[in-house]
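Chemist: entry_4.csv is reproduced in full below (CSV, C-alpha atoms and all ligand atoms).
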```csv
chain,number,residue,atom,x,y,z
M,1,MET,CA,-19.3,-49.5,-2.4
M,2,THR,CA,-16.9,-48.5,0.3
M,3,GLU,CA,-13.9,-46.5,-1.0
M,4,SER,CA,-11.4,-47.2,1.7
M,5,TYR,CA,-11.3,-50.9,1.2
M,6,ALA,CA,-9.5,-52.7,-1.6
M,7,ILE,CA,-11.8,-55.7,-1.5
M,8,VAL,CA,-15.3,-55.9,-0.1
M,9,THR,CA,-17.7,-58.8,-0.5
M,10,ASN,CA,-21.3,-58.9,0.5
M,11,ASP,CA,-22.8,-62.3,1.0
M,12,LEU,CA,-20.8,-63.5,-2.0
M,13,THR,CA,-22.0,-66.9,-3.0
M,14,LYS,CA,-21.1,-69.5,-5.6
M,15,ASN,CA,-23.0,-72.7,-6.4
M,16,PHE,CA,-21.7,-75.4,-8.7
M,17,GLY,CA,-24.9,-77.4,-9.3
M,18,SER,CA,-25.9,-78.6,-5.9
M,19,VAL,CA,-22.5,-77.8,-4.4
M,20,ARG,CA,-22.3,-74.5,-2.5
M,21,ALA,CA,-18.6,-73.7,-3.0
M,22,VAL,CA,-18.7,-70.3,-1.3
M,23,ASN,CA,-21.5,-69.5,1.1
M,24,LYS,CA,-22.4,-65.8,1.9
M,25,LEU,CA,-18.8,-64.6,2.2
M,26,ASN,CA,-18.4,-61.2,3.8
M,27,LEU,CA,-14.9,-59.7,3.6
M,28,LYS,CA,-13.6,-56.2,4.1
M,29,ILE,CA,-9.9,-55.9,3.2
M,30,PRO,CA,-8.3,-52.5,3.6
M,31,TYR,CA,-5.8,-51.2,1.0
M,32,GLY,CA,-2.2,-52.1,1.6
M,33,LYS,CA,-2.9,-55.2,3.6
M,34,THR,CA,-1.9,-58.7,3.0
M,35,TYR,CA,-4.9,-61.0,3.4
M,36,GLY,CA,-4.4,-64.8,3.7
M,37,LEU,CA,-7.4,-67.0,2.9
M,38,LEU,CA,-6.8,-70.4,4.4
M,39,GLY,CA,-8.9,-73.6,4.5
M,40,PRO,CA,-8.9,-77.3,3.8
M,41,ASN,CA,-9.0,-78.7,0.2
M,42,GLY,CA,-12.3,-77.9,-1.4
M,43,ALA,CA,-13.1,-75.2,1.1
M,44,GLY,CA,-13.8,-72.6,-1.6
M,45,LYS,CA,-10.5,-70.5,-1.7
M,46,THR,CA,-9.9,-70.8,-5.4
M,47,THR,CA,-13.6,-70.2,-6.2
M,48,THR,CA,-13.4,-67.0,-4.1
M,49,ILE,CA,-10.3,-65.8,-5.9
M,50,ARG,CA,-11.7,-66.6,-9.3
M,51,MET,CA,-15.0,-64.7,-8.5
M,52,LEU,CA,-13.0,-61.7,-7.3
M,53,ASN,CA,-11.1,-61.6,-10.5
M,54,ALA,CA,-14.2,-61.9,-12.6
M,55,ILE,CA,-13.0,-65.2,-14.1
M,56,ILE,CA,-16.2,-66.9,-13.0
M,57,SER,CA,-19.5,-65.3,-12.2
M,58,ASN,CA,-21.0,-65.4,-8.7
M,59,THR,CA,-24.4,-67.0,-8.0
M,60,SER,CA,-25.6,-64.3,-5.6
M,61,GLY,CA,-24.3,-61.5,-3.5
M,62,ASN,CA,-21.8,-58.9,-4.7
M,63,ALA,CA,-18.3,-57.6,-4.3
M,64,SER,CA,-16.2,-54.6,-5.1
M,65,VAL,CA,-12.5,-54.8,-6.0
M,66,GLY,CA,-10.4,-51.6,-6.1
M,67,GLY,CA,-13.7,-49.6,-5.9
M,68,TYR,CA,-15.1,-51.3,-8.9
M,69,ASP,CA,-18.4,-53.3,-8.8
M,70,LEU,CA,-18.0,-57.0,-9.6
M,71,LEU,CA,-21.3,-57.2,-11.5
M,72,THR,CA,-21.0,-54.1,-13.6
M,73,GLN,CA,-17.3,-53.2,-13.9
M,74,ASN,CA,-15.5,-56.5,-14.3
M,75,GLU,CA,-13.3,-55.2,-17.1
M,76,ASP,CA,-11.9,-52.5,-14.8
M,77,ILE,CA,-11.3,-55.2,-12.1
M,78,ARG,CA,-9.3,-57.3,-14.6
M,79,ARG,CA,-7.3,-54.2,-15.6
M,80,ILE,CA,-6.2,-53.3,-12.1
M,81,CYS,CA,-5.6,-56.7,-10.6
M,82,GLY,CA,-2.7,-59.1,-11.0
M,83,PHE,CA,-3.7,-62.8,-10.7
M,84,LEU,CA,-1.7,-65.9,-10.3
M,85,PRO,CA,-4.2,-68.8,-10.9
M,86,GLU,CA,-3.9,-72.2,-9.1
M,87,SER,CA,-3.4,-74.1,-12.3
M,88,PRO,CA,-2.3,-71.7,-14.9
M,89,GLY,CA,-2.6,-72.4,-18.6
M,90,LEU,CA,0.5,-71.4,-20.6
M,91,TYR,CA,0.8,-71.2,-24.4
M,92,SER,CA,3.4,-73.9,-24.7
M,93,LYS,CA,4.5,-72.9,-28.2
M,94,LEU,CA,5.5,-69.4,-27.1
M,95,THR,CA,8.8,-68.5,-25.5
M,96,ALA,CA,8.7,-67.0,-22.0
M,97,LYS,CA,9.5,-63.6,-23.5
M,98,GLU,CA,6.8,-63.9,-26.2
M,99,PHE,CA,4.2,-65.0,-23.5
M,100,LEU,CA,5.1,-62.1,-21.2
M,101,GLU,CA,5.0,-59.6,-24.1
M,102,PHE,CA,1.5,-60.9,-25.0
M,103,ILE,CA,0.3,-60.5,-21.4
M,104,GLY,CA,1.8,-57.0,-21.3
M,105,GLU,CA,0.0,-56.1,-24.5
M,106,LEU,CA,-3.3,-57.3,-23.0
M,107,TYR,CA,-2.9,-54.6,-20.4
M,108,TYR,CA,-2.1,-52.0,-23.1
M,109,LEU,CA,1.3,-51.3,-21.7
M,110,PRO,CA,3.7,-49.4,-24.0
M,111,LYS,CA,6.3,-51.7,-25.7
M,112,ASP,CA,9.3,-50.1,-23.9
M,113,VAL,CA,7.6,-50.5,-20.5
M,114,ILE,CA,6.8,-54.2,-21.3
M,115,SER,CA,10.4,-54.8,-22.4
M,116,ALA,CA,11.9,-53.2,-19.2
M,117,ARG,CA,9.5,-55.0,-16.9
M,118,ILE,CA,10.2,-58.4,-18.6
M,119,ASP,CA,14.0,-57.9,-18.1
M,120,GLU,CA,13.4,-56.9,-14.5
M,121,LEU,CA,11.1,-59.8,-13.7
M,122,LEU,CA,13.3,-62.4,-15.5
M,123,GLU,CA,16.3,-61.3,-13.5
M,124,LEU,CA,14.3,-61.4,-10.3
M,125,PHE,CA,13.0,-64.9,-11.0
M,126,ASP,CA,16.4,-66.1,-12.2
M,127,LEU,CA,15.1,-67.0,-15.7
M,128,GLU,CA,17.5,-64.8,-17.7
M,129,GLY,CA,19.2,-66.8,-20.5
M,130,ARG,CA,16.1,-69.0,-20.9
M,131,GLU,CA,13.6,-66.3,-22.0
M,132,ASN,CA,13.8,-67.4,-25.7
M,133,ASP,CA,13.1,-71.1,-24.9
M,134,LEU,CA,9.7,-72.5,-25.6
M,135,LEU,CA,7.5,-72.8,-22.5
M,136,GLU,CA,6.8,-76.5,-23.3
M,137,GLY,CA,10.4,-77.1,-22.3
M,138,TYR,CA,10.1,-75.4,-19.0
M,139,SER,CA,10.1,-77.3,-15.7
M,140,ARG,CA,7.0,-77.0,-13.4
M,141,GLY,CA,8.7,-74.5,-11.1
M,142,MET,CA,10.0,-72.5,-14.1
M,143,LYS,CA,6.4,-72.3,-15.4
M,144,GLN,CA,5.2,-71.2,-12.0
M,145,LYS,CA,7.8,-68.4,-12.1
M,146,VAL,CA,6.7,-67.3,-15.6
M,147,CYS,CA,3.1,-67.1,-14.3
M,148,LEU,CA,4.3,-65.0,-11.3
M,149,CYS,CA,6.0,-62.7,-13.8
M,150,ALA,CA,2.7,-62.5,-15.8
M,151,ALA,CA,0.8,-61.6,-12.6
M,152,LEU,CA,3.1,-58.8,-11.8
M,153,ILE,CA,3.9,-57.4,-15.2
M,154,GLN,CA,1.5,-54.4,-15.1
M,155,ASP,CA,2.6,-53.6,-11.6
M,156,PRO,CA,-0.9,-54.1,-10.2
M,157,GLU,CA,-2.4,-52.4,-7.2
M,158,ILE,CA,-4.2,-55.5,-6.0
M,159,ILE,CA,-2.5,-58.9,-6.4
M,160,PHE,CA,-4.2,-62.2,-6.0
M,161,LEU,CA,-2.0,-65.2,-5.6
M,162,ASP,CA,-3.4,-68.8,-5.4
M,163,GLU,CA,-0.7,-71.0,-3.9
M,164,PRO,CA,2.2,-68.8,-5.1
M,165,THR,CA,5.0,-71.1,-3.9
M,166,SER,CA,3.6,-74.4,-5.2
M,167,ASN,CA,6.3,-76.2,-7.3
M,168,LEU,CA,9.0,-73.8,-6.3
M,169,ASP,CA,12.3,-75.0,-4.9
M,170,PRO,CA,13.2,-73.7,-1.4
M,171,ALA,CA,15.3,-70.8,-2.6
M,172,ALA,CA,12.7,-69.6,-5.1
M,173,ALA,CA,9.9,-70.1,-2.5
M,174,ARG,CA,11.9,-67.9,-0.1
M,175,MET,CA,12.4,-65.3,-2.8
M,176,VAL,CA,8.7,-65.2,-3.5
M,177,LYS,CA,7.9,-64.8,0.2
M,178,ASN,CA,10.3,-61.9,0.5
M,179,LEU,CA,8.9,-60.4,-2.7
M,180,ILE,CA,5.4,-60.6,-1.3
M,181,SER,CA,6.5,-59.0,1.9
M,182,GLU,CA,8.3,-56.2,0.0
M,183,LEU,CA,5.4,-55.6,-2.3
M,184,ALA,CA,3.2,-55.2,0.7
M,185,LYS,CA,5.5,-53.1,2.9
M,186,LYS,CA,7.5,-51.0,0.4
M,187,ALA,CA,5.2,-50.8,-2.6
M,188,ASP,CA,2.0,-50.7,-0.4
M,189,LYS,CA,0.2,-53.2,-2.5
M,190,THR,CA,-2.9,-55.1,-1.4
M,191,ILE,CA,-2.2,-58.8,-1.6
M,192,PHE,CA,-4.7,-61.6,-1.3
M,193,ILE,CA,-3.1,-65.1,-0.9
M,194,CYS,CA,-4.5,-68.6,-0.7
M,195,THR,CA,-2.0,-70.9,0.8
M,196,HIS,CA,-1.6,-74.1,2.8
M,197,LEU,CA,1.8,-72.9,4.1
M,198,LEU,CA,0.7,-71.8,7.6
M,199,ASP,CA,4.1,-70.6,8.9
M,200,SER,CA,4.4,-68.3,5.8
M,201,ALA,CA,0.9,-67.1,6.3
M,202,GLU,CA,1.6,-66.3,9.9
M,203,ARG,CA,4.6,-64.3,9.0
M,204,LEU,CA,3.3,-62.6,5.8
M,205,CYS,CA,-0.3,-61.8,6.4
M,206,ASP,CA,-1.8,-58.9,8.3
M,207,ILE,CA,-5.2,-60.5,8.3
M,208,ILE,CA,-6.1,-64.2,8.0
M,209,GLY,CA,-9.5,-65.7,7.1
M,210,ILE,CA,-10.2,-69.4,7.6
M,211,ILE,CA,-12.9,-70.8,5.3
M,212,VAL,CA,-14.5,-74.2,5.8
M,213,ASP,CA,-17.1,-75.6,3.5
M,214,GLY,CA,-17.5,-72.2,1.8
M,215,LYS,CA,-18.1,-70.4,5.1
M,216,LEU,CA,-15.8,-68.0,6.9
M,217,GLU,CA,-15.2,-69.6,10.3
M,218,ILE,CA,-12.9,-66.9,11.7
M,219,GLU,CA,-11.0,-63.8,10.7
M,220,GLY,CA,-8.4,-61.6,12.4
M,221,THR,CA,-4.7,-61.0,12.7
M,222,PRO,CA,-2.7,-64.2,13.1
M,223,GLN,CA,-2.1,-63.3,16.7
M,224,ASP,CA,-5.9,-62.8,17.3
M,225,ILE,CA,-6.6,-66.2,15.8
M,226,ILE,CA,-3.9,-68.0,17.7
M,227,GLU,CA,-5.1,-66.4,21.0
M,228,SER,CA,-8.8,-67.0,20.3
M,229,VAL,CA,-8.3,-70.7,20.4
M,230,GLY,CA,-5.5,-70.8,22.9
M,231,ALA,CA,-3.0,-72.2,20.4
M,232,LYS,CA,0.8,-72.0,20.2
M,233,ASN,CA,1.0,-71.0,16.6
M,234,LEU,CA,-1.2,-70.6,13.5
M,235,GLU,CA,-0.8,-74.2,12.5
M,236,GLU,CA,-2.2,-75.4,15.8
M,237,ALA,CA,-5.0,-72.8,15.7
M,238,TYR,CA,-5.9,-73.8,12.1
M,239,LEU,CA,-6.1,-77.5,13.1
M,240,LYS,CA,-8.3,-76.7,16.0
M,241,ILE,CA,-10.6,-74.5,13.9
M,242,THR,CA,-10.9,-76.7,10.9
M,243,GLY,CA,-11.6,-79.8,13.1
M,244,ALA,CA,-8.3,-81.4,14.2
M,245,SER,CA,-10.6,-84.2,15.4
M,246,HIS,CA,-10.4,-85.6,11.9
M,247,LEU,CA,-6.7,-86.0,12.4
M,248,ASP,CA,-7.3,-87.7,15.8
M,249,ASP,CA,-9.8,-90.0,14.1
M,250,LEU,CA,-7.3,-90.8,11.4
M,251,LEU,CA,-4.6,-91.5,13.9
M,252,ALA,CA,-7.0,-93.6,16.0
M,253,TRP,CA,-8.0,-95.6,12.9
M,254,ARG,CA,-4.3,-96.2,12.0
M,255,GLU,CA,-3.5,-97.2,15.6
M,256,GLU,CA,-6.5,-99.6,15.7
M,257,ASN,CA,-5.4,-101.1,12.3
M,258,SER,CA,-1.8,-101.5,13.4
M,259,ILE,CA,-3.0,-103.3,16.6
M,260,LYS,CA,-5.2,-105.6,14.4
M,261,HIS,CA,-2.3,-106.1,12.1
M,262,GLU,CA,0.1,-107.0,15.0
M,263,VAL,CA,-2.5,-109.5,16.5
M,264,LYS,CA,-2.8,-111.1,13.0
M,265,ASN,CA,1.0,-111.3,12.6
M,266,LYS,CA,1.4,-112.8,16.1
M,267,LYS,CA,-1.2,-115.5,15.3
M,268,GLN,CA,0.5,-116.3,12.0
M,269,ARG,CA,3.9,-116.5,13.7
M,270,LYS,CA,2.4,-118.8,16.4
M,271,LYS,CA,0.9,-121.0,13.7
M,272,LYS,CA,4.2,-121.2,11.8
M,273,ARG,CA,6.0,-122.2,15.0
M,274,LYS,CA,3.4,-124.9,15.7
M,275,ASN,CA,3.7,-126.3,12.2
M,276,LYS,CA,7.5,-126.4,12.5
M,277,ASP,CA,7.4,-128.1,15.9
M,278,SER,CA,5.0,-130.8,14.6
M,279,ARG,CA,7.3,-131.6,11.7
N,1,LIG,N1,-15.6,-75.8,-12.0
N,1,LIG,C1,-16.2,-76.5,-11.0
N,1,LIG,N2,-17.2,-77.3,-11.2
N,1,LIG,C2,-17.8,-78.0,-10.2
N,1,LIG,N3,-17.4,-77.9,-8.9
N,1,LIG,C3,-16.4,-77.1,-8.7
N,1,LIG,C4,-15.7,-76.3,-9.7
N,1,LIG,N4,-14.7,-75.6,-9.1
N,1,LIG,C5,-14.8,-75.9,-7.8
N,1,LIG,N5,-15.8,-76.8,-7.5
N,1,LIG,C6,-16.2,-77.3,-6.2
N,1,LIG,O1,-16.2,-76.2,-5.3
N,1,LIG,C7,-15.7,-76.5,-4.0
N,1,LIG,C8,-14.6,-75.6,-3.7
N,1,LIG,O2,-13.5,-75.8,-4.6
N,1,LIG,P1,-12.2,-74.8,-4.6
N,1,LIG,O3,-11.4,-75.2,-5.8
N,1,LIG,O4,-12.6,-73.4,-4.5
N,1,LIG,O5,-11.5,-75.3,-3.2
N,1,LIG,P2,-10.1,-74.8,-2.6
N,1,LIG,O6,-10.4,-74.3,-1.2
N,1,LIG,O7,-9.4,-73.9,-3.5
N,1,LIG,O8,-9.3,-76.2,-2.4
N,1,LIG,P3,-7.8,-76.6,-2.6
N,1,LIG,O9,-7.1,-76.3,-1.3
N,1,LIG,O10,-7.8,-78.0,-2.9
N,1,LIG,O11,-7.2,-75.8,-3.8
N,1,LIG,C9,-15.2,-78.0,-4.2
N,1,LIG,O12,-16.3,-78.8,-3.6
N,1,LIG,C10,-15.1,-78.2,-5.6
N,1,LIG,O13,-15.3,-79.5,-6.0
N,2,MG,MG,-7.6,-74.0,-4.5
```
Could you write out this structure as structure tokens?
Ligand SMILES: Nc1ncnc2c1ncn2[C@@H]1O[C@H](COP(=O)(O)OP(=O)(O)OP(=O)(O)O)[C@@H](O)[C@H]1O
Ligand SMILES: [Mg+2]

Modeler:
Amino acid sequence: MTESYAIVTNDLTKNFGSVRAVNKLNLKIPYGKTYGLLGPNGAGKTTTIRMLNAIISNTSGNASVGGYDLLTQNEDIRRICGFLPESPGLYSKLTAKEFLEFIGELYYLPKDVISARIDELLELFDLEGRENDLLEGYSRGMKQKVCLCAALIQDPEIIFLDEPTSNLDPAAARMVKNLISELAKKADKTIFICTHLLDSAERLCDIIGIIVDGKLEIEGTPQDIIESVGAKNLEEAYLKITGASHLDDLLAWREENSIKHEVKNKKQRKKKRKNKDSR
């Protein structure tokens, strides 16, 4: 497939039984770009990322990642990509250091390289001093940091991040956003992010794709997308594209219910007053 693109998908589709999670997805992501896949819960973002990392197989269509064919060269794809899953599993009886050493060995990295990378990453993620503690004793955010370290340990060319800042405190989230920006700009990595943080996506991503019910609704630079629907920012554009009417319906429903509630309360107050007066 095309050499100049880091990720290309051709009608990539995934069905789970009768649910079509991803529906004929066509993406072309150039090397060195940060791509943000946005969409409502259940839209197909995680399924897309899992297919592109050869974690699950696709139902039809095809893709190439880093020039490797998804159907025939999935080992190569796993070798060159870093992947932060949405709900990562950690071996709780390993220490952070042991876990990262294990991941480094899976990539056949030399021991001294693994050791140097681990020190570098633990310092970056503010985990030094805790590296010999068992992962079962780590907080959610600390686990997320270890998973980010694991995704970056082999210094991958193409990095997939599914909700990278979930569970992180504001300072750590900011550090990760800066890191993503540096990896893209200075280290020229290709980064594929799924996120619900629209202001971050607007700042970080060169290209945004919005997926709804498994189908790509719109794609372009954040500015293109904002202008195409006459919005003020990406959040407003996103709400328009994904059907902000749902939000209006919800608000209308709440309003209607609060009016009903108010009427009911008024009637009850009136009844109470009447009872009091008659006593
Ligand atoms: N292993 C699975 N078995 C059955 N259905 C699945 C499975 N994984 C995902 N789905 C379905 O595929 C659809 C897309 O799910 P997916 O996890 O890709 O959504 P998402 O866009 O990542 O959502 P979120 O924003 O909530 O993370 C949903 O309808 C989901 O129920
Ligand atoms: Mg998801």

Chemist: Looking at M:Asp76, M:Glu163, M:Asp69, M:Glu227, which one is nearest to ligand LIG 1 (chain N), with distances taken over all atoms listed in the file?

Modeler: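 Closest residue, counting all atoms listed in the file: M:Glu163.
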
Chemist: Would you mind listing the residues within 10 Å of ligand MG 2 (chain N), counting only C-alpha atoms and all ligand atoms, as a PDB file with C-alpha atoms, in the frame of the given file?

Modeler:
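Final output, part-v9.pdb:
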```pdb
ATOM      1  CA  LEU M  38      -6.800 -70.400   4.400  1.00  0.00           C
ATOM      2  CA  GLY M  39      -8.900 -73.600   4.500  1.00  0.00           C
ATOM      3  CA  PRO M  40      -8.900 -77.300   3.800  1.00  0.00           C
ATOM      4  CA  ASN M  41      -9.000 -78.700   0.200  1.00  0.00           C
ATOM      5  CA  GLY M  42     -12.300 -77.900  -1.400  1.00  0.00           C
ATOM      6  CA  ALA M  43     -13.100 -75.200   1.100  1.00  0.00           C
ATOM      7  CA  GLY M  44     -13.800 -72.600  -1.600  1.00  0.00           C
ATOM      8  CA  LYS M  45     -10.500 -70.500  -1.700  1.00  0.00           C
ATOM      9  CA  THR M  46      -9.900 -70.800  -5.400  1.00  0.00           C
ATOM     10  CA  THR M  47     -13.600 -70.200  -6.200  1.00  0.00           C
ATOM     11  CA  THR M  48     -13.400 -67.000  -4.100  1.00  0.00           C
ATOM     12  CA  ILE M  49     -10.300 -65.800  -5.900  1.00  0.00           C
ATOM     13  CA  ARG M  50     -11.700 -66.600  -9.300  1.00  0.00           C
ATOM     14  CA  PRO M  85      -4.200 -68.800 -10.900  1.00  0.00           C
ATOM     15  CA  GLU M  86      -3.900 -72.200  -9.100  1.00  0.00           C
ATOM     16  CA  SER M  87      -3.400 -74.100 -12.300  1.00  0.00           C
ATOM     17  CA  ASP M 162      -3.400 -68.800  -5.400  1.00  0.00           C
ATOM     18  CA  GLU M 163      -0.700 -71.000  -3.900  1.00  0.00           C
ATOM     19  CA  CYS M 194      -4.500 -68.600  -0.700  1.00  0.00           C
ATOM     20  CA  THR M 195      -2.000 -70.900   0.800  1.00  0.00           C
ATOM     21  CA  HIS M 196      -1.600 -74.100   2.800  1.00  0.00           C
TER      22      HIS M 196
END
```

Chemist: Considering only C-alpha atoms, state which residue in the set M:Asn23, M:Ser64, M:Asn132, M:Asn58 is at the smallest distance from M:Lys93.

Modeler: M:Asn132

Chemist: Which polymer residues have any atom within 6 Å of an atom of M:Ala21, counting all atoms listed in the file, with same-chain residues fewer than 2 positions away left out, as a PyMOL selection string?

Modeler: chain M and resi 14-15+19+44+214

Chemist: Which residue, M:Ala54, M:Val146, M:Ile158, M:Leu121, has the smallest gap to M:Ala187 when you use all atoms listed in the file?

Modeler: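 Of the candidates, the smallest distance to M:Ala187 is held by M:Ile158.
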
Chemist: Between atom CA of M:Lys145 and atom CA of M:Glu182, what is the distance, to one decimal in Å?

Modeler: 17.2 Å

Chemist: Might you pull out every residue within 8 Å of M:Ile29, with all atoms listed in the file counted and same-chain residues fewer than 4 positions away left off, and present them as a list in words?

Modeler: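 Using all atoms listed in the file, the neighbours found are Tyr5, Ala6, Ile7, Val8, Lys33 and Tyr35 of chain M.
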
Chemist: Around the point (2.8, -68.8, 7.6), in the coordinates given by the file, pick out the residues reaching within 10 Å, counting only C-alpha atoms, and return them as a list in words.

Modeler: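 Within the cut-off we find Gly36, Lys177, Thr195, His196, Leu197, Leu198, Asp199, Ser200, Ala201, Glu202, Arg203, Leu204, Cys205, Pro222, Asn233, Leu234 and Glu235 of chain M.
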
Chemist: Please write as JSON, numbers by chain the list of polymer residues whose atoms come within 9 Å of (-10.1, -68.9, 9.6), counting only C-alpha atoms and keeping to the coordinates of the file.

Modeler: {"M": [37, 38, 39, 208, 209, 210, 211, 212, 216, 217, 218, 219, 220, 225, 237, 238, 241, 242]}

Chemist: Quick one: residues within 6 Å of M:Gly32, only C-alpha atoms, excluding same-chain residues fewer than 2 positions away - as a ChimeraX atom specification?

Modeler: /M:188-190

Chemist: Return the single residue from M:Leu239, M:Leu70, M:Ala231, M:Val176 that is closest to M:Cys149, with distances computed using all atoms listed in the file.

Modeler: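 Ranked by minimum distance to M:Cys149, first place goes to M:Val176.
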
Chemist: Nearest to ligand LIG 1 (chain N): which of M:Glu236, M:Asp213, M:Asp206, M:Asp224 is it, counting all atoms listed in the file?

Modeler: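 Answer, going by the shortest atom-to-atom distance: M:Asp213.
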
Chemist: May I ask for the distance between atom CA of M:Ser92 and atom CA of M:Tyr138, given in Å to one decimal place?

Modeler: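 Atom CA of M:Ser92 sits 8.9 Å away from atom CA of M:Tyr138.
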
Chemist: Would you mind telling me which residue in M:Leu161, M:Ala171, M:Glu105, M:Lys240 lies nearest to ligand LIG 1 (chain N) when using all atoms listed in the file?

Modeler: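 Among the listed residues, M:Leu161 lies closest to ligand LIG 1 (chain N).
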
Chemist: Hey, can you check how far atom CA of M:Ala150 sits from atom CA of M:Ile103?

Modeler: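 Going from atom CA of M:Ala150 over to atom CA of M:Ile103, I get 6.4 Å.
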
Chemist: List the neighbours of stretch 109-117 of chain M out to 8 Å using only C-alpha atoms; skip same-chain residues closer than 6 positions along the sequence, and give me the result as a list in words.

Modeler: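 Near stretch 109-117 of chain M, the qualifying residues are Glu101, Ile153 and Gln154 of chain M.
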
Chemist: Which residues are close to M:Met175, i.e. within 10 Å by only C-alpha atoms, leaving aside same-chain residues fewer than 6 positions away? Reply as a list of chain:residue names.

Modeler: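 So, after excluding close chain neighbours, the residues are M:Leu124, M:Phe125, M:Thr165, M:Leu168, M:Asp169, M:Ser181.
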